[in-house]
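Shown next: work.pdb, given as PDB, C-alpha atoms.
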```
MODEL        1
ATOM      1  CA  MET O 992      70.769-116.769 142.384
ATOM      2  CA  LYS O 993      70.794-113.145 143.344
ATOM      3  CA  GLY O 994      70.627-112.069 139.674
ATOM      4  CA  LYS O 995      67.657-114.358 139.124
ATOM      5  CA  ARG O 996      65.690-112.748 141.951
ATOM      6  CA  LEU O 997      66.374-109.256 140.687
ATOM      7  CA  ILE O 998      64.868-110.050 137.279
ATOM      8  CA  TRP O 999      61.412-109.954 138.852
ATOM      9  CA  LEU O1000      61.968-106.301 139.571
ATOM     10  CA  LEU O1001      62.079-105.616 135.840
ATOM     11  CA  PRO O1002      58.280-105.535 135.244
ATOM     12  CA  LEU O1003      57.914-103.287 138.267
ATOM     13  CA  LEU O1004      60.522-100.924 136.891
ATOM     14  CA  LEU O1005      58.846-100.950 133.477
ATOM     15  CA  PHE O1006      55.531-100.179 135.144
ATOM     16  CA  ALA O1007      57.070 -97.340 137.133
ATOM     17  CA  GLY O1008      58.498 -95.964 133.902
ATOM     18  CA  LEU O1009      55.083 -96.126 132.253
ATOM     19  CA  VAL O1010      53.479 -94.308 135.199
ATOM     20  CA  ALA O1011      56.173 -91.628 135.023
ATOM     21  CA  LEU O1012      55.595 -91.212 131.270
ATOM     22  CA  MET O1013      51.841 -90.837 131.733
ATOM     23  CA  ALA O1014      52.183 -88.481 134.697
ATOM     24  CA  ASN O1015      54.490 -86.381 132.572
ATOM     25  CA  HIS O1016      51.791 -85.993 129.915
ATOM     26  CA  LEU O1017      48.927 -85.304 132.320
ATOM     27  CA  GLY O1018      49.351 -81.563 132.050
ATOM     28  CA  ALA O1019      49.609 -81.539 128.260
ATOM     29  CA  PRO O1020      46.655 -79.959 126.446
ATOM     30  CA  GLN O1021      44.128 -82.453 125.101
ATOM     31  CA  GLN O1022      43.085 -80.522 122.025
ATOM     32  CA  GLN O1023      45.780 -80.638 119.436
ATOM     33  CA  VAL O1024      45.519 -78.818 116.146
ATOM     34  CA  ILE O1025      44.073 -81.009 113.443
ATOM     35  CA  LYS O1026      45.644 -80.019 110.163
ATOM     36  CA  SER O1027      43.719 -80.540 106.992
ATOM     37  CA  HIS O1028      45.076 -83.270 104.755
ATOM     38  CA  MET O1029      43.339 -81.573 101.831
ATOM     39  CA  VAL O1030      46.149 -79.073 101.310
ATOM     40  CA  GLY O1031      47.526 -79.766  97.830
ATOM     41  CA  LYS O1032      44.380 -81.593  96.747
ATOM     42  CA  PRO O1033      41.576 -80.337  94.488
ATOM     43  CA  LEU O1034      38.199 -79.484  96.002
ATOM     44  CA  ALA O1035      35.230 -81.620  95.000
ATOM     45  CA  GLU O1036      32.283 -80.085  93.158
ATOM     46  CA  PHE O1037      30.006 -77.995  95.390
ATOM     47  CA  ALA O1038      27.399 -75.265  95.060
ATOM     48  CA  LEU O1039      26.096 -73.261  98.008
ATOM     49  CA  GLU O1040      23.228 -70.795  98.137
ATOM     50  CA  GLY O1041      23.960 -67.166  98.849
ATOM     51  CA  VAL O1042      23.031 -65.379 102.054
ATOM     52  CA  ALA O1043      22.632 -61.811 103.355
ATOM     53  CA  GLY O1044      22.310 -60.369  99.835
ATOM     54  CA  ALA O1045      25.604 -61.897  98.680
ATOM     55  CA  PRO O1046      25.716 -64.286  95.706
ATOM     56  CA  GLY O1047      26.264 -67.969  96.508
ATOM     57  CA  LEU O1048      29.515 -69.863  96.226
ATOM     58  CA  ALA O1049      30.320 -72.829  93.984
ATOM     59  CA  LEU O1050      33.492 -74.555  92.862
ATOM     60  CA  VAL O1051      33.266 -72.842  89.448
ATOM     61  CA  ASP O1052      33.475 -69.458  91.216
ATOM     62  CA  LEU O1053      36.864 -70.425  92.677
ATOM     63  CA  LYS O1054      38.286 -71.666  89.400
ATOM     64  CA  GLY O1055      39.932 -69.478  86.788
ATOM     65  CA  GLY O1056      39.959 -66.271  88.803
ATOM     66  CA  GLY O1057      43.412 -66.634  90.314
ATOM     67  CA  PRO O1058      44.069 -67.556  93.928
ATOM     68  CA  VAL O1059      41.368 -66.515  96.411
ATOM     69  CA  LEU O1060      40.833 -66.763 100.132
ATOM     70  CA  VAL O1061      37.956 -68.845 101.435
ATOM     71  CA  ASN O1062      37.013 -68.012 105.005
ATOM     72  CA  ILE O1063      34.819 -70.348 107.042
ATOM     73  CA  PHE O1064      32.972 -68.247 109.626
ATOM     74  CA  ALA O1065      29.821 -68.134 111.755
ATOM     75  CA  SER O1066      27.914 -65.415 113.562
ATOM     76  CA  TRP O1067      28.072 -67.463 116.776
ATOM     77  CA  CYS O1068      31.862 -67.698 116.621
ATOM     78  CA  LEU O1069      33.703 -65.078 118.670
ATOM     79  CA  PRO O1070      37.164 -65.437 117.055
ATOM     80  CA  CYS O1071      35.405 -64.743 113.734
ATOM     81  CA  ALA O1072      34.498 -61.290 115.019
ATOM     82  CA  VAL O1073      38.074 -60.842 116.228
ATOM     83  CA  GLU O1074      39.545 -61.540 112.782
ATOM     84  CA  ALA O1075      37.108 -59.235 110.903
ATOM     85  CA  PRO O1076      39.509 -56.234 110.758
ATOM     86  CA  GLN O1077      42.260 -58.477 109.390
ATOM     87  CA  LEU O1078      39.968 -59.825 106.648
ATOM     88  CA  GLN O1079      39.175 -56.229 105.732
ATOM     89  CA  ALA O1080      42.905 -55.450 105.636
ATOM     90  CA  LEU O1081      43.488 -58.409 103.299
ATOM     91  CA  LYS O1082      40.697 -57.169 101.053
ATOM     92  CA  ASP O1083      42.171 -53.662 101.034
ATOM     93  CA  ARG O1084      45.446 -55.152  99.867
ATOM     94  CA  GLY O1085      43.720 -56.704  96.893
ATOM     95  CA  ALA O1086      42.751 -60.191  98.060
ATOM     96  CA  THR O1087      39.474 -61.706  96.899
ATOM     97  CA  ILE O1088      37.738 -63.281  99.888
ATOM     98  CA  HIS O1089      34.795 -65.649  99.728
ATOM     99  CA  GLY O1090      32.929 -66.695 102.837
ATOM    100  CA  ILE O1091      31.269 -69.900 103.952
ATOM    101  CA  ALA O1092      28.674 -69.262 106.644
ATOM    102  CA  LEU O1093      28.754 -72.343 108.839
ATOM    103  CA  ARG O1094      25.566 -73.603 110.544
ATOM    104  CA  ASP O1095      23.929 -70.211 110.742
ATOM    105  CA  GLU O1096      20.577 -68.488 110.322
ATOM    106  CA  PRO O1097      20.462 -66.014 107.383
ATOM    107  CA  ALA O1098      19.316 -63.201 109.684
ATOM    108  CA  ASP O1099      22.213 -63.886 112.066
ATOM    109  CA  VAL O1100      24.714 -63.794 109.190
ATOM    110  CA  ALA O1101      23.299 -60.434 108.035
ATOM    111  CA  GLY O1102      23.539 -59.098 111.591
ATOM    112  CA  PHE O1103      27.133 -60.306 111.941
ATOM    113  CA  LEU O1104      28.168 -58.617 108.680
ATOM    114  CA  ALA O1105      26.405 -55.400 109.690
ATOM    115  CA  ARG O1106      28.305 -55.375 112.996
ATOM    116  CA  HIS O1107      31.747 -56.460 111.841
ATOM    117  CA  GLY O1108      31.864 -55.471 108.156
ATOM    118  CA  ASN O1109      31.557 -57.525 104.995
ATOM    119  CA  PRO O1110      34.829 -58.272 103.190
ATOM    120  CA  PHE O1111      33.262 -61.102 101.157
ATOM    121  CA  THR O1112      32.682 -61.164  97.399
ATOM    122  CA  ARG O1113      30.540 -64.286  97.654
ATOM    123  CA  ILE O1114      29.075 -66.072 100.659
ATOM    124  CA  GLY O1115      27.913 -69.658 100.540
ATOM    125  CA  GLN O1116      25.510 -70.933 103.158
ATOM    126  CA  ASP O1117      26.416 -74.259 104.761
ATOM    127  CA  PRO O1118      23.603 -75.096 107.177
ATOM    128  CA  GLY O1119      24.651 -78.739 107.592
ATOM    129  CA  GLY O1120      28.377 -78.156 108.100
ATOM    130  CA  ARG O1121      29.268 -80.463 105.201
ATOM    131  CA  MET O1122      31.771 -78.011 103.695
ATOM    132  CA  MET O1123      33.983 -78.631 106.716
ATOM    133  CA  LEU O1124      34.588 -82.106 105.324
ATOM    134  CA  ALA O1125      35.223 -80.766 101.822
ATOM    135  CA  PHE O1126      38.038 -78.589 103.139
ATOM    136  CA  GLY O1127      39.212 -80.936 105.869
ATOM    137  CA  ALA O1128      38.370 -78.220 108.382
ATOM    138  CA  SER O1129      37.887 -79.021 112.044
ATOM    139  CA  GLY O1130      36.745 -75.707 113.508
ATOM    140  CA  VAL O1131      35.815 -72.071 112.897
ATOM    141  CA  PRO O1132      37.291 -69.802 111.801
ATOM    142  CA  GLU O1133      39.562 -71.319 109.207
ATOM    143  CA  THR O1134      40.897 -69.625 106.093
ATOM    144  CA  TYR O1135      42.085 -71.340 102.923
ATOM    145  CA  VAL O1136      44.086 -70.245  99.906
ATOM    146  CA  VAL O1137      42.503 -71.839  96.828
ATOM    147  CA  ASP O1138      44.272 -71.513  93.485
ATOM    148  CA  ALA O1139      42.763 -71.013  90.027
ATOM    149  CA  GLN O1140      42.568 -74.784  89.497
ATOM    150  CA  GLY O1141      40.431 -75.230  92.587
ATOM    151  CA  VAL O1142      43.293 -76.804  94.550
ATOM    152  CA  ILE O1143      43.695 -75.949  98.257
ATOM    153  CA  ARG O1144      47.164 -74.471  98.660
ATOM    154  CA  TYR O1145      47.257 -73.302 102.257
ATOM    155  CA  GLN O1146      45.265 -73.627 105.467
ATOM    156  CA  HIS O1147      45.160 -71.075 108.251
ATOM    157  CA  LEU O1148      43.726 -72.483 111.477
ATOM    158  CA  GLY O1149      41.979 -70.202 113.932
ATOM    159  CA  GLU O1150      41.558 -66.452 113.789
ATOM    160  CA  ILE O1151      43.748 -64.292 111.577
ATOM    161  CA  ARG O1152      45.706 -61.919 113.774
ATOM    162  CA  ALA O1153      47.459 -58.770 112.579
ATOM    163  CA  GLU O1154      50.766 -60.631 112.205
ATOM    164  CA  HIS O1155      49.193 -63.176 109.843
ATOM    165  CA  VAL O1156      48.110 -60.696 107.165
ATOM    166  CA  ASP O1157      51.515 -60.527 105.457
ATOM    167  CA  LEU O1158      51.809 -64.298 105.629
ATOM    168  CA  LEU O1159      48.472 -64.839 103.913
ATOM    169  CA  MET O1160      49.286 -62.279 101.212
ATOM    170  CA  ALA O1161      52.540 -64.173 100.589
ATOM    171  CA  GLU O1162      50.676 -67.480 100.364
ATOM    172  CA  LEU O1163      48.264 -65.952  97.840
ATOM    173  CA  GLU O1164      51.254 -64.787  95.788
ATOM    174  CA  LYS O1165      52.772 -68.277  95.962
ATOM    175  CA  ALA O1166      49.547 -69.853  94.694
ATOM    176  CA  LYS O1167      49.542 -67.749  91.512
TER     177      LYS O1167
ATOM    178  CA  MET G 291      12.241 -57.032 141.979
ATOM    179  CA  LYS G 292      10.617 -56.931 138.566
ATOM    180  CA  ALA G 293      13.521 -54.966 137.135
ATOM    181  CA  PHE G 294      15.884 -57.537 138.619
ATOM    182  CA  ALA G 295      13.962 -60.365 136.977
ATOM    183  CA  ILE G 296      14.098 -58.618 133.620
ATOM    184  CA  ALA G 297      17.815 -58.016 134.032
ATOM    185  CA  LEU G 298      18.325 -61.702 134.787
ATOM    186  CA  LEU G 299      16.359 -62.651 131.684
ATOM    187  CA  LEU G 300      18.492 -60.348 129.562
ATOM    188  CA  ILE G 301      21.651 -61.942 130.852
ATOM    189  CA  ALA G 302      20.315 -65.415 130.254
ATOM    190  CA  SER G 303      19.128 -64.953 126.670
ATOM    191  CA  PRO G 304      21.891 -65.980 124.303
ATOM    192  CA  VAL G 305      23.041 -63.249 121.934
ATOM    193  CA  LEU G 306      25.353 -65.466 119.928
ATOM    194  CA  ALA G 307      24.134 -68.991 119.669
ATOM    195  CA  GLU G 308      24.816 -71.810 117.304
ATOM    196  CA  PRO G 309      21.465 -72.995 115.963
ATOM    197  CA  PRO G 310      20.469 -76.455 117.207
ATOM    198  CA  THR G 311      21.414 -79.347 114.960
ATOM    199  CA  PRO G 312      18.634 -81.247 113.213
ATOM    200  CA  PRO G 313      17.899 -84.668 114.719
ATOM    201  CA  ASP G 314      19.589 -87.776 113.327
ATOM    202  CA  VAL G 315      17.538 -89.638 110.762
ATOM    203  CA  PRO G 316      18.405 -93.349 110.712
ATOM    204  CA  LEU G 317      18.516 -95.048 107.321
ATOM    205  CA  SER G 318      15.313 -96.878 106.424
ATOM    206  CA  ASN G 319      17.258-100.005 105.501
ATOM    207  CA  PRO G 320      18.216-101.609 108.853
ATOM    208  CA  VAL G 321      21.186-103.481 107.370
ATOM    209  CA  GLN G 322      22.625-100.269 105.976
ATOM    210  CA  GLU G 323      21.914 -98.402 109.210
ATOM    211  CA  GLN G 324      23.850-101.056 111.114
ATOM    212  CA  ARG G 325      26.783-100.750 108.721
ATOM    213  CA  ALA G 326      26.726 -96.958 109.032
ATOM    214  CA  LYS G 327      26.628 -97.222 112.838
ATOM    215  CA  ALA G 328      29.656 -99.516 112.802
ATOM    216  CA  VAL G 329      31.623 -96.964 110.773
ATOM    217  CA  MET G 330      30.525 -94.116 113.073
ATOM    218  CA  ALA G 331      31.764 -95.965 116.129
ATOM    219  CA  GLU G 332      35.256 -96.044 114.611
ATOM    220  CA  LEU G 333      35.515 -92.394 113.561
ATOM    221  CA  ARG G 334      36.879 -89.781 115.912
ATOM    222  CA  CYS G 335      34.944 -86.595 116.570
ATOM    223  CA  LEU G 336      36.912 -83.506 115.524
ATOM    224  CA  THR G 337      35.657 -81.048 118.111
ATOM    225  CA  CYS G 338      35.365 -83.437 121.037
ATOM    226  CA  GLN G 339      38.414 -85.595 120.604
ATOM    227  CA  ASN G 340      38.575 -89.104 122.075
ATOM    228  CA  GLN G 341      34.859 -89.498 121.514
ATOM    229  CA  SER G 342      33.545 -91.321 118.487
ATOM    230  CA  ILE G 343      31.107 -89.471 116.241
ATOM    231  CA  ALA G 344      28.518 -92.056 117.249
ATOM    232  CA  ASP G 345      28.751 -90.922 120.880
ATOM    233  CA  SER G 346      29.110 -87.192 120.360
ATOM    234  CA  ASN G 347      26.442 -84.506 120.444
ATOM    235  CA  ALA G 348      28.685 -81.982 118.679
ATOM    236  CA  ALA G 349      27.236 -80.364 115.579
ATOM    237  CA  GLN G 350      30.282 -81.353 113.538
ATOM    238  CA  ALA G 351      29.894 -84.985 114.584
ATOM    239  CA  GLN G 352      26.306 -84.817 113.374
ATOM    240  CA  ALA G 353      27.481 -83.549 109.980
ATOM    241  CA  MET G 354      29.939 -86.436 109.821
ATOM    242  CA  ARG G 355      27.218 -88.957 110.715
ATOM    243  CA  MET G 356      25.094 -87.547 107.903
ATOM    244  CA  GLU G 357      27.997 -87.996 105.488
ATOM    245  CA  VAL G 358      28.521 -91.601 106.644
ATOM    246  CA  ARG G 359      24.823 -92.450 106.261
ATOM    247  CA  GLU G 360      24.607 -90.913 102.790
ATOM    248  CA  ARG G 361      27.667 -92.769 101.582
ATOM    249  CA  ILE G 362      26.501 -96.105 102.991
ATOM    250  CA  ALA G 363      23.031 -95.542 101.524
ATOM    251  CA  ALA G 364      24.673 -94.885  98.140
ATOM    252  CA  GLY G 365      26.189 -98.365  98.378
ATOM    253  CA  GLU G 366      29.728 -97.457  99.404
ATOM    254  CA  GLU G 367      31.730-100.052 101.321
ATOM    255  CA  PRO G 368      32.471 -99.165 104.986
ATOM    256  CA  GLU G 369      36.173 -99.299 104.122
ATOM    257  CA  ALA G 370      35.697 -96.654 101.409
ATOM    258  CA  VAL G 371      33.746 -94.410 103.787
ATOM    259  CA  ARG G 372      36.534 -94.613 106.328
ATOM    260  CA  ALA G 373      39.063 -93.831 103.580
ATOM    261  CA  PHE G 374      37.071 -90.687 102.693
ATOM    262  CA  PHE G 375      37.579 -89.316 106.211
ATOM    263  CA  VAL G 376      41.212 -90.437 106.469
ATOM    264  CA  GLU G 377      41.919 -88.629 103.193
ATOM    265  CA  ARG G 378      40.676 -85.402 104.790
ATOM    266  CA  TYR G 379      41.944 -85.664 108.352
ATOM    267  CA  GLY G 380      44.661 -88.293 108.316
ATOM    268  CA  ASP G 381      44.939 -91.625 110.179
ATOM    269  CA  TRP G 382      44.138 -89.707 113.314
ATOM    270  CA  VAL G 383      40.413 -89.563 112.530
ATOM    271  CA  SER G 384      40.059 -93.361 112.601
ATOM    272  CA  PHE G 385      40.139 -95.340 115.835
ATOM    273  CA  VAL G 386      41.327 -98.365 113.858
ATOM    274  CA  PRO G 387      45.034 -98.040 113.086
ATOM    275  CA  PRO G 388      45.910 -98.826 109.475
ATOM    276  CA  ALA G 389      47.826-102.042 108.775
ATOM    277  CA  ARG G 390      51.056-100.768 107.213
ATOM    278  CA  GLU G 391      54.759-101.357 107.518
ATOM    279  CA  ASP G 392      55.205 -98.575 110.069
ATOM    280  CA  THR G 393      52.387 -99.951 112.245
ATOM    281  CA  ALA G 394      53.531-103.577 112.080
ATOM    282  CA  LEU G 395      54.881-103.531 115.629
ATOM    283  CA  LEU G 396      51.566-102.207 116.918
ATOM    284  CA  TRP G 397      49.634-105.055 115.334
ATOM    285  CA  ALA G 398      52.224-107.663 116.293
ATOM    286  CA  ALA G 399      52.489-106.468 119.915
ATOM    287  CA  PRO G 400      49.645-108.639 121.339
ATOM    288  CA  LEU G 401      51.151-111.799 119.811
ATOM    289  CA  LEU G 402      54.603-110.746 120.956
ATOM    290  CA  PHE G 403      53.477-110.250 124.550
ATOM    291  CA  LEU G 404      51.461-113.474 124.487
ATOM    292  CA  GLY G 405      54.594-115.267 123.306
ATOM    293  CA  ILE G 406      56.652-113.793 126.139
ATOM    294  CA  GLY G 407      53.956-114.772 128.637
ATOM    295  CA  VAL G 408      53.755-118.349 127.358
ATOM    296  CA  ALA G 409      57.541-118.660 127.459
ATOM    297  CA  LEU G 410      57.635-117.427 131.072
ATOM    298  CA  VAL G 411      54.883-119.789 132.200
ATOM    299  CA  ALA G 412      56.456-122.726 130.362
ATOM    300  CA  ARG G 413      59.726-122.090 132.144
ATOM    301  CA  ARG G 414      58.013-121.988 135.523
ATOM    302  CA  PHE G 415      56.297-125.310 134.973
ATOM    303  CA  ARG G 416      59.408-127.020 133.714
ATOM    304  CA  ARG G 417      61.194-126.234 136.957
TER     305      ARG G 417
ENDMDL
END
```
Please rewrite the model in this file as structure tokens.
Amino acid sequence: MKGKRLIWLLPLLLFAGLVALMANHLGAPQQQVIKSHMVGKPLAEFALEGVAGAPGLALVDLKGGGPVLVNIFASWCLPCAVEAPQLQALKDRGATIHGIALRDEPADVAGFLARHGNPFTRIGQDPGGRMMLAFGASGVPETYVVDAQGVIRYQHLGEIRAEHVDLLMAELEKAK
Amino acid sequence: MKAFAIALLLIASPVLAEPPTPPDVPLSNPVQEQRAKAVMAELRCLTCQNQSIADSNAAQAQAMRMEVRERIAAGEEPEAVRAFFVERYGDWVSFVPPAREDTALLWAAPLLFLGIGVALVARRFRR
């Protein structure tokens, strides 16, 4: 009889456990990194108009030329300004970098490049933000290694810091 | 006073600003628009997680809505449109969990709990 009565405590205990589990996760950050599932997959056909005097960017420009970096940036994005010296460093070490200007005004892009330098060979304008879907990107800045077949080989989320330069050069080498 | 007002204005004017997103244009075909809306309600916004792209004002959500509308207007099935986003962002982007072997317990859980409930009630009444 005593055992029977205690069984009614079981739901209560389960509930307490659930509360403890949830309370435990309350402090956890909400925004988790959303990795692109496009890594390893070929990019679909695209063609973007150029901006700020740079020629535009299309899928054919990525193909055949060996692995390149594609950097999604915007003039209104602060981390993009932070990573500018690192992009320049990558360029100085021989990397070809193409830019995609996300949801930006041409004049703002030109101003951004004048302030922070222009490491880009080509810059495609993406006023609607549709290229984010093509790359599986979820924010700015993001940098991709694209091989000569137009396949995404590596995704770098967020700004490139000094310690990431070697890593990206290695990824470019791997994509050869 | 005037100088103060000017200073305030300078502080307030945005130096770096994301341009405003263009307004949503619903599809002219109401049946298609309804289908597109249904898909939007089940896709998760990337920048404002836990909100659907139908509910979000984020620029990226707007771009995703545009993609959904274009694909529906081109005659794609809602299931195919959802698959397009899952291919890019994983199962995570859809609010509807996929029906697969590893999610079987998730789908079976309501029936399982209903069964337990019925069994408990039946036992009570028998007594």
Just so the selection is clear, what residues does the PyMOL selection byres ((chain O and resi 1124) around 9) cover here, as an NGL selection string? (:O and (1120-1123 or 1125-1129)) or (:G and (353-354 or 357 or 375 or 378-379))
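The nearest approach to Ile1088 (chain O) among the residues O:Thr1134, O:Gln1116, O:Ser1027, O:Ser1066, with only C-alpha atoms taken into account, belongs to O:Thr1134.
When the PyMOL selection byres ((chain O and resi 1065) around 8) is evaluated on the file shown here, the picked residues come out as Ile1063, Phe1064, Ser1066, Trp1067, Cys1068, Cys1071, Ala1092, Leu1093, Arg1094, Asp1095, Val1100, Val1131 and Pro1132 of chain O.
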Quick one: everything within 10 Å of Gln1079 (chain O), counting all atoms listed in the file, minus sequence neighbours fewer than 4 positions away in the same chain. Send it as a ChimeraX atom specification. /O:1074-1075,1083-1086,1088,1107-1111
Selection result for the PyMOL selection byres ((chain G and resi 362) around 12) on this file, as JSON, numbers by chain: {"G": [316, 317, 318, 319, 320, 321, 322, 323, 324, 325, 326, 327, 328, 329, 330, 355, 356, 357, 358, 359, 360, 361, 363, 364, 365, 366, 367, 368, 369, 370, 371, 372, 374]}
Can you check which residues of chain G have any atom within 10 Å of chain O? Use all atoms listed in the file and format it as a VMD selection string. chain G and resid 304 to 312 335 to 340 349 to 354 356 to 357 374 to 383
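Pairwise distance (CA of Leu401 (chain G), CA of Trp999 (chain O)) equals 21.7 Å.
The coordinates place CA of His1089 (chain O) at 11.7 Å from CA of Leu1039 (chain O).
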Name all residues at most 9 Å from Gly1056 (chain O) (count only C-alpha atoms; drop same-chain ones fewer than 2 positions away) and give them as a VMD selection string. chain O and resid 1052 to 1054 1058 to 1059 1138 to 1140
Pick from O:Lys1167, O:Arg1113, O:His1147, O:Arg1152, whichever lies nearest to Ala1043 (chain O) using all atoms listed in the file: O:Arg1113
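Residues in contact with Phe385 (chain G) at 9 Å, where only C-alpha atoms are counted and same-chain residues fewer than 5 positions away are skipped, are listed as G:Ala331, G:Glu332, G:Leu333, G:Arg334, G:Asn340, G:Ser342.
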Ala1045 (chain O) surroundings by only C-alpha atoms, 7 Å radius, close-in-sequence under 3 positions cut, as a PyMOL selection string: chain O and resi 1041-1042+1113-1114
Go ahead and write the selection's residues with C-alpha atoms as a CSV table (one decimal), in the frame of the given file.
```csv
chain,number,residue,atom,x,y,z
O,1041,GLY,CA,24.0,-67.2,98.8
O,1042,VAL,CA,23.0,-65.4,102.1
O,1113,ARG,CA,30.5,-64.3,97.7
O,1114,ILE,CA,29.1,-66.1,100.7
```
Using only the atoms of region 372-381 of chain G listed in the file, plus 8 Å on each side, state the axis-aligned box centre and edge lengths in Å rounded to one decimal, as lines of an AutoDock Vina configuration file.
```
center_x = 40.7
center_y = -90.0
center_z = 106.4
size_x = 24.4
size_y = 25.2
size_z = 23.5
```
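Taking only C-alpha atoms into account, Ala1098 (chain O) lies nearest to O:Gly1044 out of the set O:Leu997, O:Gly1044, O:Leu1005, O:Glu1036.
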What lies within 8 Å of Gly1031 (chain O) using all atoms listed in the file, ignoring chain neighbours under 2 positions off, as a PyMOL selection string? chain O and resi 1029+1033+1142-1145
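What separates CA of Ala1019 (chain O) from CA of Ser384 (chain G) is a distance of 21.8 Å.
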Proximity to Leu1081 (chain O) - best of O:Val1136, O:Ala1038, O:Ala1101, O:Leu1159, only C-alpha atoms: O:Leu1159
